[in-house]
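Data file: my_file-v8.pdb. Format and content: PDB, C-alpha atoms, pLDDT in the B column.
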ATOM      1  CA  MET A   8     119.204 -40.155 -32.236  1.00 80.00           C
ATOM      2  CA  GLU A   9     117.640 -42.898 -34.329  1.00 87.00           C
ATOM      3  CA  LYS A  10     114.245 -42.721 -36.012  1.00 90.00           C
ATOM      4  CA  LEU A  11     112.436 -46.014 -35.574  1.00 91.00           C
ATOM      5  CA  ALA A  12     109.380 -45.380 -37.765  1.00 90.00           C
ATOM      6  CA  ASP A  13     107.303 -42.520 -39.155  1.00 90.00           C
ATOM      7  CA  SER A  14     104.124 -41.499 -41.050  1.00 89.00           C
ATOM      8  CA  PHE A  15     101.786 -41.636 -38.072  1.00 93.00           C
ATOM      9  CA  GLY A  16      98.843 -39.457 -37.096  1.00 91.00           C
ATOM     10  CA  PHE A  17      99.523 -38.378 -33.489  1.00 91.00           C
ATOM     11  CA  LEU A  18     101.821 -40.445 -31.284  1.00 93.00           C
ATOM     12  CA  GLU A  19     101.710 -40.845 -27.499  1.00 93.00           C
ATOM     13  CA  GLY A  20     102.460 -43.151 -24.597  1.00 92.00           C
ATOM     14  CA  PRO A  21     105.663 -45.050 -25.447  1.00 94.00           C
ATOM     15  CA  VAL A  22     106.626 -47.775 -22.973  1.00 96.00           C
ATOM     16  CA  TRP A  23     109.362 -50.378 -23.092  1.00 96.00           C
ATOM     17  CA  VAL A  24     108.124 -53.866 -22.139  1.00 95.00           C
ATOM     18  CA  ARG A  25     111.045 -55.578 -20.446  1.00 92.00           C
ATOM     19  CA  LYS A  26     109.457 -59.022 -20.503  1.00 89.00           C
ATOM     20  CA  GLY A  27     109.644 -59.632 -24.229  1.00 89.00           C
ATOM     21  CA  GLY A  28     111.947 -56.756 -25.111  1.00 95.00           C
ATOM     22  CA  TYR A  29     109.759 -54.578 -27.322  1.00 96.00           C
ATOM     23  CA  LEU A  30     108.287 -51.094 -27.508  1.00 97.00           C
ATOM     24  CA  LEU A  31     104.597 -50.175 -27.357  1.00 97.00           C
ATOM     25  CA  PHE A  32     103.130 -46.795 -28.320  1.00 97.00           C
ATOM     26  CA  SER A  33      99.772 -45.306 -29.273  1.00 97.00           C
ATOM     27  CA  ASP A  34      98.709 -43.668 -32.517  1.00 95.00           C
ATOM     28  CA  ILE A  35      95.637 -41.847 -31.231  1.00 95.00           C
ATOM     29  CA  PRO A  36      93.856 -41.071 -34.554  1.00 95.00           C
ATOM     30  CA  ALA A  37      94.542 -44.605 -35.829  1.00 95.00           C
ATOM     31  CA  ASN A  38      92.941 -45.985 -32.649  1.00 96.00           C
ATOM     32  CA  VAL A  39      95.677 -48.594 -32.165  1.00 97.00           C
ATOM     33  CA  ILE A  40      98.628 -49.477 -29.967  1.00 98.00           C
ATOM     34  CA  TYR A  41     101.634 -50.441 -32.052  1.00 97.00           C
ATOM     35  CA  LYS A  42     104.382 -52.902 -31.173  1.00 97.00           C
ATOM     36  CA  PHE A  43     107.926 -52.224 -32.379  1.00 97.00           C
ATOM     37  CA  ASN A  44     110.352 -55.151 -32.404  1.00 95.00           C
ATOM     38  CA  PRO A  45     113.949 -53.875 -32.179  1.00 93.00           C
ATOM     39  CA  ASP A  46     115.401 -57.153 -33.453  1.00 92.00           C
ATOM     40  CA  ASP A  47     113.960 -56.871 -36.950  1.00 92.00           C
ATOM     41  CA  HIS A  48     112.566 -53.290 -36.801  1.00 92.00           C
ATOM     42  CA  LYS A  49     109.127 -54.625 -37.710  1.00 93.00           C
ATOM     43  CA  LEU A  50     105.974 -52.804 -36.656  1.00 95.00           C
ATOM     44  CA  SER A  51     102.703 -54.561 -35.861  1.00 96.00           C
ATOM     45  CA  VAL A  52      99.352 -53.717 -34.264  1.00 97.00           C
ATOM     46  CA  ALA A  53      99.366 -54.956 -30.684  1.00 96.00           C
ATOM     47  CA  VAL A  54      95.943 -53.606 -29.660  1.00 96.00           C
ATOM     48  CA  PRO A  55      93.308 -52.631 -32.274  1.00 97.00           C
ATOM     49  CA  TYR A  56      90.453 -50.280 -31.308  1.00 96.00           C
ATOM     50  CA  SER A  57      92.545 -49.316 -28.318  1.00 96.00           C
ATOM     51  CA  GLY A  58      90.765 -46.112 -27.340  1.00 95.00           C
ATOM     52  CA  PHE A  59      87.318 -46.237 -28.905  1.00 95.00           C
ATOM     53  CA  THR A  60      85.264 -49.418 -29.257  1.00 95.00           C
ATOM     54  CA  GLY A  61      81.889 -47.869 -30.088  1.00 92.00           C
ATOM     55  CA  LEU A  62      80.038 -47.771 -33.405  1.00 89.00           C
ATOM     56  CA  ASP A  63      79.464 -44.031 -33.763  1.00 87.00           C
ATOM     57  CA  ALA A  64      82.586 -41.874 -33.571  1.00 84.00           C
ATOM     58  CA  SER A  65      80.884 -38.726 -34.857  1.00 83.00           C
ATOM     59  CA  ASP A  66      81.418 -36.868 -31.572  1.00 83.00           C
ATOM     60  CA  ALA A  67      84.277 -38.864 -30.041  1.00 88.00           C
ATOM     61  CA  GLY A  68      87.614 -37.183 -29.594  1.00 87.00           C
ATOM     62  CA  MET A  69      88.914 -33.657 -30.001  1.00 87.00           C
ATOM     63  CA  GLN A  70      89.982 -32.722 -33.527  1.00 87.00           C
ATOM     64  CA  LEU A  71      93.156 -30.869 -34.476  1.00 86.00           C
ATOM     65  CA  ASN A  72      95.517 -30.369 -37.396  1.00 87.00           C
ATOM     66  CA  ASN A  73      98.739 -32.401 -37.084  1.00 85.00           C
ATOM     67  CA  GLY A  74     100.420 -30.479 -39.896  1.00 85.00           C
ATOM     68  CA  GLN A  75      99.220 -32.854 -42.582  1.00 86.00           C
ATOM     69  CA  GLY A  76      95.497 -32.728 -41.985  1.00 88.00           C
ATOM     70  CA  VAL A  77      92.751 -32.867 -39.377  1.00 90.00           C
ATOM     71  CA  VAL A  78      92.929 -35.864 -37.040  1.00 89.00           C
ATOM     72  CA  THR A  79      90.581 -37.059 -34.312  1.00 88.00           C
ATOM     73  CA  LEU A  80      91.945 -37.930 -30.857  1.00 89.00           C
ATOM     74  CA  LEU A  81      89.765 -40.933 -30.046  1.00 93.00           C
ATOM     75  CA  GLY A  82      92.313 -43.736 -29.587  1.00 94.00           C
ATOM     76  CA  SER A  83      94.465 -44.767 -26.656  1.00 96.00           C
ATOM     77  CA  ASN A  84      96.962 -42.384 -25.124  1.00 96.00           C
ATOM     78  CA  ALA A  85      99.424 -43.438 -22.396  1.00 96.00           C
ATOM     79  CA  VAL A  86     100.453 -47.077 -22.051  1.00 97.00           C
ATOM     80  CA  THR A  87     102.175 -48.718 -19.083  1.00 97.00           C
ATOM     81  CA  VAL A  88     102.813 -52.121 -17.538  1.00 96.00           C
ATOM     82  CA  ASP A  89     101.366 -53.129 -14.167  1.00 96.00           C
ATOM     83  CA  PRO A  90     103.313 -55.002 -11.441  1.00 94.00           C
ATOM     84  CA  GLN A  91     102.065 -58.312 -12.887  1.00 94.00           C
ATOM     85  CA  GLY A  92     103.340 -57.463 -16.361  1.00 94.00           C
ATOM     86  CA  ARG A  93      99.942 -56.707 -17.922  1.00 96.00           C
ATOM     87  CA  ILE A  94      99.418 -53.814 -20.320  1.00 96.00           C
ATOM     88  CA  VAL A  95      97.338 -50.921 -18.949  1.00 98.00           C
ATOM     89  CA  TYR A  96      96.361 -47.909 -21.055  1.00 98.00           C
ATOM     90  CA  CYS A  97      94.210 -44.785 -21.241  1.00 97.00           C
ATOM     91  CA  ALA A  98      91.297 -44.982 -23.700  1.00 96.00           C
ATOM     92  CA  HIS A  99      90.337 -41.481 -24.862  1.00 93.00           C
ATOM     93  CA  GLY A 100      87.159 -42.223 -26.821  1.00 93.00           C
ATOM     94  CA  ASP A 101      85.797 -44.708 -24.300  1.00 95.00           C
ATOM     95  CA  HIS A 102      86.706 -42.415 -21.342  1.00 96.00           C
ATOM     96  CA  GLN A 103      88.329 -45.291 -19.473  1.00 97.00           C
ATOM     97  CA  VAL A 104      91.478 -46.813 -18.014  1.00 98.00           C
ATOM     98  CA  VAL A 105      91.751 -50.335 -19.402  1.00 98.00           C
ATOM     99  CA  ARG A 106      93.857 -53.400 -18.589  1.00 98.00           C
ATOM    100  CA  LEU A 107      94.693 -55.985 -21.241  1.00 97.00           C
ATOM    101  CA  GLU A 108      94.597 -59.468 -19.730  1.00 96.00           C
ATOM    102  CA  THR A 109      97.019 -62.208 -20.756  1.00 91.00           C
ATOM    103  CA  ASP A 110      94.245 -63.943 -22.739  1.00 93.00           C
ATOM    104  CA  GLY A 111      93.394 -60.762 -24.663  1.00 92.00           C
ATOM    105  CA  ARG A 112      90.291 -59.800 -22.687  1.00 96.00           C
ATOM    106  CA  ARG A 113      89.911 -56.163 -21.621  1.00 97.00           C
ATOM    107  CA  THR A 114      89.114 -55.157 -18.065  1.00 98.00           C
ATOM    108  CA  VAL A 115      87.886 -51.621 -17.366  1.00 98.00           C
ATOM    109  CA  LEU A 116      89.733 -50.389 -14.284  1.00 98.00           C
ATOM    110  CA  ALA A 117      88.196 -46.899 -14.122  1.00 98.00           C
ATOM    111  CA  SER A 118      85.432 -45.159 -16.038  1.00 97.00           C
ATOM    112  CA  GLN A 119      83.605 -42.958 -13.500  1.00 97.00           C
ATOM    113  CA  PHE A 120      84.114 -40.761 -10.472  1.00 97.00           C
ATOM    114  CA  GLU A 121      81.187 -40.415  -8.067  1.00 97.00           C
ATOM    115  CA  GLY A 122      78.802 -41.670 -10.726  1.00 96.00           C
ATOM    116  CA  LYS A 123      79.985 -39.288 -13.449  1.00 97.00           C
ATOM    117  CA  ARG A 124      81.873 -40.364 -16.548  1.00 96.00           C
ATOM    118  CA  LEU A 125      85.570 -39.553 -16.724  1.00 97.00           C
ATOM    119  CA  ASN A 126      86.623 -36.979 -19.341  1.00 96.00           C
ATOM    120  CA  SER A 127      89.395 -38.880 -21.129  1.00 95.00           C
ATOM    121  CA  PRO A 128      92.193 -40.464 -19.092  1.00 97.00           C
ATOM    122  CA  ASN A 129      95.466 -39.258 -20.581  1.00 95.00           C
ATOM    123  CA  ASP A 130      98.567 -40.423 -18.726  1.00 96.00           C
ATOM    124  CA  LEU A 131      99.161 -42.976 -15.973  1.00 96.00           C
ATOM    125  CA  VAL A 132     101.863 -44.348 -13.698  1.00 97.00           C
ATOM    126  CA  TYR A 133     102.061 -47.120 -11.101  1.00 97.00           C
ATOM    127  CA  LYS A 134     103.539 -46.745  -7.637  1.00 97.00           C
ATOM    128  CA  SER A 135     105.543 -49.751  -6.480  1.00 96.00           C
ATOM    129  CA  ASP A 136     102.741 -50.802  -4.090  1.00 96.00           C
ATOM    130  CA  GLY A 137     100.300 -51.173  -7.006  1.00 96.00           C
ATOM    131  CA  SER A 138      98.437 -47.883  -6.661  1.00 97.00           C
ATOM    132  CA  LEU A 139      97.669 -46.414 -10.084  1.00 98.00           C
ATOM    133  CA  TYR A 140      97.713 -42.657 -10.730  1.00 98.00           C
ATOM    134  CA  PHE A 141      96.226 -41.022 -13.827  1.00 98.00           C
ATOM    135  CA  THR A 142      95.330 -37.620 -15.253  1.00 97.00           C
ATOM    136  CA  ASP A 143      91.975 -36.818 -16.855  1.00 97.00           C
ATOM    137  CA  PRO A 144      91.913 -33.819 -19.240  1.00 95.00           C
ATOM    138  CA  PRO A 145      89.108 -33.419 -21.832  1.00 93.00           C
ATOM    139  CA  ALA A 146      90.938 -34.369 -25.064  1.00 88.00           C
ATOM    140  CA  GLY A 147      88.594 -37.311 -25.643  1.00 87.00           C
ATOM    141  CA  LEU A 148      85.644 -34.914 -25.926  1.00 91.00           C
ATOM    142  CA  ARG A 149      84.987 -33.276 -29.282  1.00 90.00           C
ATOM    143  CA  ASP A 150      84.647 -29.763 -27.808  1.00 92.00           C
ATOM    144  CA  GLY A 151      86.928 -30.240 -24.826  1.00 90.00           C
ATOM    145  CA  ASP A 152      85.893 -28.361 -21.696  1.00 93.00           C
ATOM    146  CA  LYS A 153      82.965 -26.834 -23.578  1.00 93.00           C
ATOM    147  CA  ASP A 154      81.533 -30.172 -24.662  1.00 91.00           C
ATOM    148  CA  GLN A 155      77.929 -30.626 -23.502  1.00 92.00           C
ATOM    149  CA  LYS A 156      78.666 -34.291 -22.809  1.00 92.00           C
ATOM    150  CA  LYS A 157      81.380 -33.444 -20.295  1.00 95.00           C
ATOM    151  CA  GLU A 158      80.002 -34.722 -16.992  1.00 96.00           C
ATOM    152  CA  LEU A 159      82.756 -33.638 -14.586  1.00 97.00           C
ATOM    153  CA  PRO A 160      83.148 -29.858 -14.133  1.00 96.00           C
ATOM    154  CA  PHE A 161      86.927 -30.133 -13.656  1.00 96.00           C
ATOM    155  CA  ASN A 162      89.987 -31.924 -15.019  1.00 97.00           C
ATOM    156  CA  GLY A 163      91.412 -34.045 -12.221  1.00 97.00           C
ATOM    157  CA  VAL A 164      94.337 -36.152 -11.115  1.00 98.00           C
ATOM    158  CA  TYR A 165      93.187 -39.477  -9.670  1.00 98.00           C
ATOM    159  CA  MET A 166      94.422 -42.535  -7.827  1.00 98.00           C
ATOM    160  CA  LEU A 167      93.016 -46.033  -8.262  1.00 98.00           C
ATOM    161  CA  LYS A 168      93.635 -48.088  -5.141  1.00 97.00           C
ATOM    162  CA  GLY A 169      91.757 -51.107  -3.860  1.00 94.00           C
ATOM    163  CA  GLY A 170      89.296 -50.807  -6.742  1.00 94.00           C
ATOM    164  CA  LYS A 171      88.293 -47.262  -5.725  1.00 97.00           C
ATOM    165  CA  VAL A 172      88.916 -44.114  -7.761  1.00 98.00           C
ATOM    166  CA  GLN A 173      90.008 -41.213  -5.556  1.00 98.00           C
ATOM    167  CA  LEU A 174      90.332 -37.587  -6.663  1.00 98.00           C
ATOM    168  CA  LEU A 175      93.737 -36.189  -5.681  1.00 98.00           C
ATOM    169  CA  THR A 176      93.427 -32.677  -7.112  1.00 97.00           C
ATOM    170  CA  LYS A 177      91.110 -30.729  -9.388  1.00 96.00           C
ATOM    171  CA  ASP A 178      93.096 -27.494  -9.320  1.00 92.00           C
ATOM    172  CA  MET A 179      94.944 -27.944 -12.615  1.00 94.00           C
ATOM    173  CA  THR A 180      93.738 -26.560 -15.944  1.00 93.00           C
ATOM    174  CA  LEU A 181      94.956 -29.406 -18.149  1.00 94.00           C
ATOM    175  CA  PRO A 182      96.791 -32.148 -16.194  1.00 95.00           C
ATOM    176  CA  ASN A 183      98.839 -34.301 -18.535  1.00 93.00           C
ATOM    177  CA  GLY A 184     102.068 -36.220 -17.835  1.00 92.00           C
ATOM    178  CA  LEU A 185     103.004 -37.510 -14.395  1.00 93.00           C
ATOM    179  CA  ALA A 186     105.937 -39.367 -12.859  1.00 93.00           C
ATOM    180  CA  PHE A 187     107.382 -40.355  -9.496  1.00 94.00           C
ATOM    181  CA  THR A 188     110.806 -39.575  -8.141  1.00 92.00           C
ATOM    182  CA  PRO A 189     112.859 -42.792  -7.748  1.00 91.00           C
ATOM    183  CA  ASP A 190     112.179 -42.888  -3.991  1.00 94.00           C
ATOM    184  CA  GLU A 191     108.443 -42.213  -4.611  1.00 96.00           C
ATOM    185  CA  LYS A 192     108.410 -39.372  -2.088  1.00 96.00           C
ATOM    186  CA  TYR A 193     107.238 -36.917  -4.743  1.00 95.00           C
ATOM    187  CA  LEU A 194     104.914 -37.008  -7.741  1.00 96.00           C
ATOM    188  CA  TYR A 195     105.392 -34.603 -10.635  1.00 94.00           C
ATOM    189  CA  VAL A 196     102.386 -33.529 -12.735  1.00 95.00           C
ATOM    190  CA  ASN A 197     102.498 -31.104 -15.630  1.00 92.00           C
ATOM    191  CA  ASP A 198      99.810 -28.648 -16.718  1.00 92.00           C
ATOM    192  CA  SER A 199      99.938 -28.397 -20.518  1.00 88.00           C
ATOM    193  CA  VAL A 200      97.936 -25.155 -20.732  1.00 88.00           C
ATOM    194  CA  LYS A 201      99.949 -23.300 -18.110  1.00 89.00           C
ATOM    195  CA  LYS A 202     103.218 -24.955 -19.254  1.00 87.00           C
ATOM    196  CA  THR A 203     104.140 -25.693 -15.669  1.00 89.00           C
ATOM    197  CA  ILE A 204     105.212 -28.740 -13.687  1.00 91.00           C
ATOM    198  CA  MET A 205     103.959 -29.200 -10.121  1.00 94.00           C
ATOM    199  CA  ARG A 206     105.595 -31.360  -7.465  1.00 95.00           C
ATOM    200  CA  PHE A 207     103.441 -33.009  -4.799  1.00 97.00           C
ATOM    201  CA  GLU A 208     104.460 -34.810  -1.611  1.00 97.00           C
ATOM    202  CA  VAL A 209     103.250 -38.423  -1.575  1.00 98.00           C
ATOM    203  CA  GLN A 210     101.558 -39.224   1.753  1.00 97.00           C
ATOM    204  CA  SER A 211     101.620 -42.483   3.727  1.00 97.00           C
ATOM    205  CA  ASP A 212      98.132 -43.366   2.416  1.00 97.00           C
ATOM    206  CA  ASP A 213      99.375 -42.806  -1.202  1.00 97.00           C
ATOM    207  CA  THR A 214      97.454 -39.542  -1.625  1.00 97.00           C
ATOM    208  CA  MET A 215      99.382 -36.375  -2.514  1.00 96.00           C
ATOM    209  CA  ALA A 216      99.585 -33.007  -0.774  1.00 96.00           C
ATOM    210  CA  ASN A 217     101.484 -29.722  -0.567  1.00 96.00           C
ATOM    211  CA  GLY A 218     101.723 -29.055  -4.272  1.00 95.00           C
ATOM    212  CA  GLN A 219     104.544 -26.678  -5.191  1.00 95.00           C
ATOM    213  CA  LEU A 220     105.529 -25.129  -8.517  1.00 94.00           C
ATOM    214  CA  PHE A 221     108.575 -27.048  -9.746  1.00 91.00           C
ATOM    215  CA  ILE A 222     109.181 -25.207 -13.022  1.00 88.00           C
ATOM    216  CA  ASP A 223     107.382 -22.597 -15.127  1.00 87.00           C
ATOM    217  CA  MET A 224     108.453 -23.344 -18.691  1.00 80.00           C
ATOM    218  CA  THR A 225     107.126 -20.043 -20.063  1.00 78.00           C
ATOM    219  CA  ARG A 226     109.515 -17.859 -18.063  1.00 65.00           C
ATOM    220  CA  THR A 227     112.779 -19.762 -17.804  1.00 56.00           C
ATOM    221  CA  LYS A 228     115.788 -18.714 -19.870  1.00 53.00           C
ATOM    222  CA  HIS A 229     118.028 -21.572 -20.912  1.00 46.00           C
ATOM    223  CA  ARG A 230     121.093 -22.466 -22.906  1.00 40.00           C
ATOM    224  CA  ARG A 231     120.179 -24.240 -26.108  1.00 40.00           C
ATOM    225  CA  ALA A 232     122.888 -26.822 -26.691  1.00 35.00           C
ATOM    226  CA  GLY A 233     124.372 -27.119 -30.168  1.00 32.00           C
ATOM    227  CA  TRP A 234     124.177 -30.387 -32.061  1.00 30.00           C
ATOM    228  CA  HIS A 235     127.736 -30.166 -33.420  1.00 28.00           C
ATOM    229  CA  GLU A 236     131.037 -29.497 -31.689  1.00 28.00           C
ATOM    230  CA  GLY A 237     131.980 -25.848 -31.899  1.00 28.00           C
ATOM    231  CA  ARG A 238     128.483 -24.503 -32.469  1.00 28.00           C
ATOM    232  CA  SER A 239     127.800 -21.402 -30.381  1.00 30.00           C
ATOM    233  CA  GLU A 240     125.224 -21.280 -27.630  1.00 36.00           C
ATOM    234  CA  GLY A 241     122.669 -18.527 -27.164  1.00 34.00           C
ATOM    235  CA  GLU A 242     119.959 -17.628 -24.709  1.00 32.00           C
ATOM    236  CA  CYS A 243     116.320 -17.710 -25.723  1.00 30.00           C
ATOM    237  CA  LEU A 244     112.910 -17.925 -24.132  1.00 31.00           C
ATOM    238  CA  LEU A 245     111.565 -21.480 -24.016  1.00 33.00           C
ATOM    239  CA  HIS A 246     107.944 -22.616 -24.138  1.00 35.00           C
ATOM    240  CA  GLY A 247     108.799 -26.266 -23.721  1.00 47.00           C
ATOM    241  CA  THR A 248     107.980 -27.141 -27.311  1.00 54.00           C
ATOM    242  CA  GLY A 249     110.172 -29.374 -29.456  1.00 62.00           C
ATOM    243  CA  TRP A 250     112.917 -30.074 -26.908  1.00 72.00           C
ATOM    244  CA  PHE A 251     113.747 -32.381 -24.018  1.00 77.00           C
ATOM    245  CA  TRP A 252     114.418 -30.522 -20.771  1.00 78.00           C
ATOM    246  CA  ILE A 253     116.821 -31.904 -18.160  1.00 81.00           C
ATOM    247  CA  MET A 254     116.077 -30.634 -14.654  1.00 83.00           C
ATOM    248  CA  SER A 255     117.843 -31.068 -11.313  1.00 85.00           C
ATOM    249  CA  PRO A 256     115.799 -32.268  -8.296  1.00 87.00           C
ATOM    250  CA  ASP A 257     115.661 -28.691  -6.983  1.00 85.00           C
ATOM    251  CA  GLY A 258     114.124 -27.324 -10.195  1.00 84.00           C
ATOM    252  CA  LYS A 259     117.261 -26.014 -11.880  1.00 83.00           C
ATOM    253  CA  HIS A 260     117.297 -26.272 -15.663  1.00 81.00           C
ATOM    254  CA  LEU A 261     120.491 -28.163 -16.499  1.00 80.00           C
ATOM    255  CA  GLY A 262     120.184 -28.449 -20.246  1.00 80.00           C
ATOM    256  CA  THR A 263     118.059 -29.045 -23.291  1.00 79.00           C
ATOM    257  CA  PHE A 264     118.260 -31.516 -26.157  1.00 75.00           C
TER     258      PHE A 264
END
With the file now loaded, output its structure as structure tokens.
Amino acid sequence: MEKLADSFGFLEGPVWVRKGGYLLFSDIPANVIYKFNPDDHKLSVAVPYSGFTGLDASDAGMQLNNGQGVVTLLGSNAVTVDPQGRIVYCAHGDHQVVRLETDGRRTVLASQFEGKRLNSPNDLVYKSDGSLYFTDPPAGLRDGDKDQKKELPFNGVYMLKGGKVQLLTKDMTLPNGLAFTPDEKYLYVNDSVKKTIMRFEVQSDDTMANGQLFIDMTRTKHRRAGWHEGRSEGECLLHGTGWFWIMSPDGKHLGTF
């Protein structure tokens, strides 16, 4: 393990940009996307005002204590790269999915569903055919699900295809991270409140169906691997906090870092 940098507010959305060979990640309270250059270990701001571009942030973003103080989650969250190599990210405070053009302009890809403002797009992933999938929990709203400015009565998983935003499911309490299997036959989506990961079958029209519980991280016993040779191993109950889980395709917990 190597620490690249520290002293941030609340980090999210790391993505390696192959064309250029650098790392991007969001600091949500700082409202920026940082660029880390591995050649000289220098850090720079790649995208300022990445999640909130308004003038009044008095009610933008949920607030929480990061262990050092209260921070506001109004900046960008997940970052990815589209098939054309452009940066695409989730903007919490602006309640949008945004694409950064090669000339620096910003294009809003999604901001509403059926005329109602999105909550706060959180994570996103592209399918190889260009369809974009994203989750939409309420972290960009000051009072979360109870916020009076929340226009959608659910927290959904969406697909953006052909310029149209389609709702894939609204049956998750707090949808967060999502990822495809390498063959793109399945899409995994986690529910942060329930501490579960669901697996959905990807249909021929790119929608998803037949959601099944893949892993419940509140009930699974695991072996916690030691950091040093000779350290003993012991069983404990895991809540998925502070560790990386390694799972087999059939939902078996193989190990934890």
**Study point:** Distance criterion (all atoms listed in the file): nearest to Gly122 of chain A out of A:Ser33, A:Lys42, A:Asn73, A:Leu159
**Key:** A:Leu159
**Study point:** Residue neighbourhood Val209 of chain A, 10 Å, only C-alpha atoms, exclusion window fewer than 5 positions, as an NGL selection string
**Key:** :A and (187 or 191-194 or 214-218)
Give as a CSV table (one decimal) with C-alpha atoms, keeping the file's coordinate frame the residues that the PyMOL selection byres ((chain A and resi 95-104) around 6) matches when applied to the coordinates above.
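Once everything was written out, this is out.csv:
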chain,number,residue,atom,x,y,z
A,58,GLY,CA,90.8,-46.1,-27.3
A,59,PHE,CA,87.3,-46.2,-28.9
A,67,ALA,CA,84.3,-38.9,-30.0
A,68,GLY,CA,87.6,-37.2,-29.6
A,81,LEU,CA,89.8,-40.9,-30.0
A,82,GLY,CA,92.3,-43.7,-29.6
A,83,SER,CA,94.5,-44.8,-26.7
A,84,ASN,CA,97.0,-42.4,-25.1
A,85,ALA,CA,99.4,-43.4,-22.4
A,86,VAL,CA,100.5,-47.1,-22.1
A,87,THR,CA,102.2,-48.7,-19.1
A,88,VAL,CA,102.8,-52.1,-17.5
A,94,ILE,CA,99.4,-53.8,-20.3
A,105,VAL,CA,91.8,-50.3,-19.4
A,106,ARG,CA,93.9,-53.4,-18.6
A,116,LEU,CA,89.7,-50.4,-14.3
A,117,ALA,CA,88.2,-46.9,-14.1
A,118,SER,CA,85.4,-45.2,-16.0
A,125,LEU,CA,85.6,-39.6,-16.7
A,126,ASN,CA,86.6,-37.0,-19.3
A,127,SER,CA,89.4,-38.9,-21.1
A,128,PRO,CA,92.2,-40.5,-19.1
A,129,ASN,CA,95.5,-39.3,-20.6
A,147,GLY,CA,88.6,-37.3,-25.6
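Distance check against Gln219 of chain A using only C-alpha atoms: of A:Trp252, A:Phe43, A:Phe141, A:Tyr195, the minimum falls on A:Tyr195.
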Check your understanding: Could you spell out the hits of the PyMOL selection byres ((chain A and resi 157) around 10) on the shown file, as a PyMOL selection string?
Key -> chain A and resi 123-127+145+147-156+158-161
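Separating atom CA of Leu181 of chain A from atom CA of Ser199 of chain A is a distance of 5.6 Å.
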Point to revise | Shell of 6 Å around segment 78-80 of chain A, all atoms listed in the file, local chain residues under 2 positions omitted, as a count of residues only | key: 7
Taking all atoms of segment 37-51 of chain A that the file lists, what box with edges along x, y and z, padded by 8 Å per side, do you get, with centre and edge lengths in Å to one decimal, as JSON?
{"center_x": 104.2, "center_y": -50.9, "center_z": -33.8, "size_x": 38.5, "size_y": 28.5, "size_z": 23.7}
Practice item. Tell me, as a PyMOL selection string, which residues lie within 10 Å of Gly169 of chain A, counting all atoms listed in the file; anything in the same chain fewer than 4 positions away does not count. Key: chain A and resi 137-139
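Remark: for Lys134 of chain A, the closest of the candidate residues A:Asp223, A:Asp63, A:Asp212, A:Glu108 is A:Asp212 (distances computed over only C-alpha atoms).
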Point to revise | All residues 12 Å or closer to Ser14 of chain A, all atoms listed in the file, same chain fewer than 6 positions away omitted, as an MDAnalysis selection string | key: chainID A and resid 34 37 73:75
Exercise for review: In Å, rounded to a single decimal, give me how far atom CA of Pro144 of chain A is from atom CA of Arg93 of chain A.
Suggested key: 24.3 Å
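Remark: residues at most 10 Å from position (107.2, -59.4, -24.2) in file coordinates are Trp23, Val24, Arg25, Lys26, Gly27, Gly28, Tyr29, Leu30, Lys42, Asn44, Gly92 and Arg93 of chain A, using all atoms listed in the file.
Atom pair atom CA of Ile40 of chain A / atom CA of Ala186 of chain A: separated by 21.2 Å.
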Review point. Care to translate the PyMOL selection byres ((chain A and resi 166) around 6) into actual residues of this file, as a ChimeraX atom specification?
Key: /A:139-140,165,167,172-173
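The shortest atom-to-atom distance to Leu220 of chain A, with all atoms listed in the file taken into account, belongs to A:Glu208 out of A:Glu208, A:Asp66, A:Asp143, A:Asp130.
Considering only C-alpha atoms, the residue among A:Thr60, A:Asp89, A:Asp136, A:Leu174 positioned nearest to Glu121 of chain A is A:Leu174.
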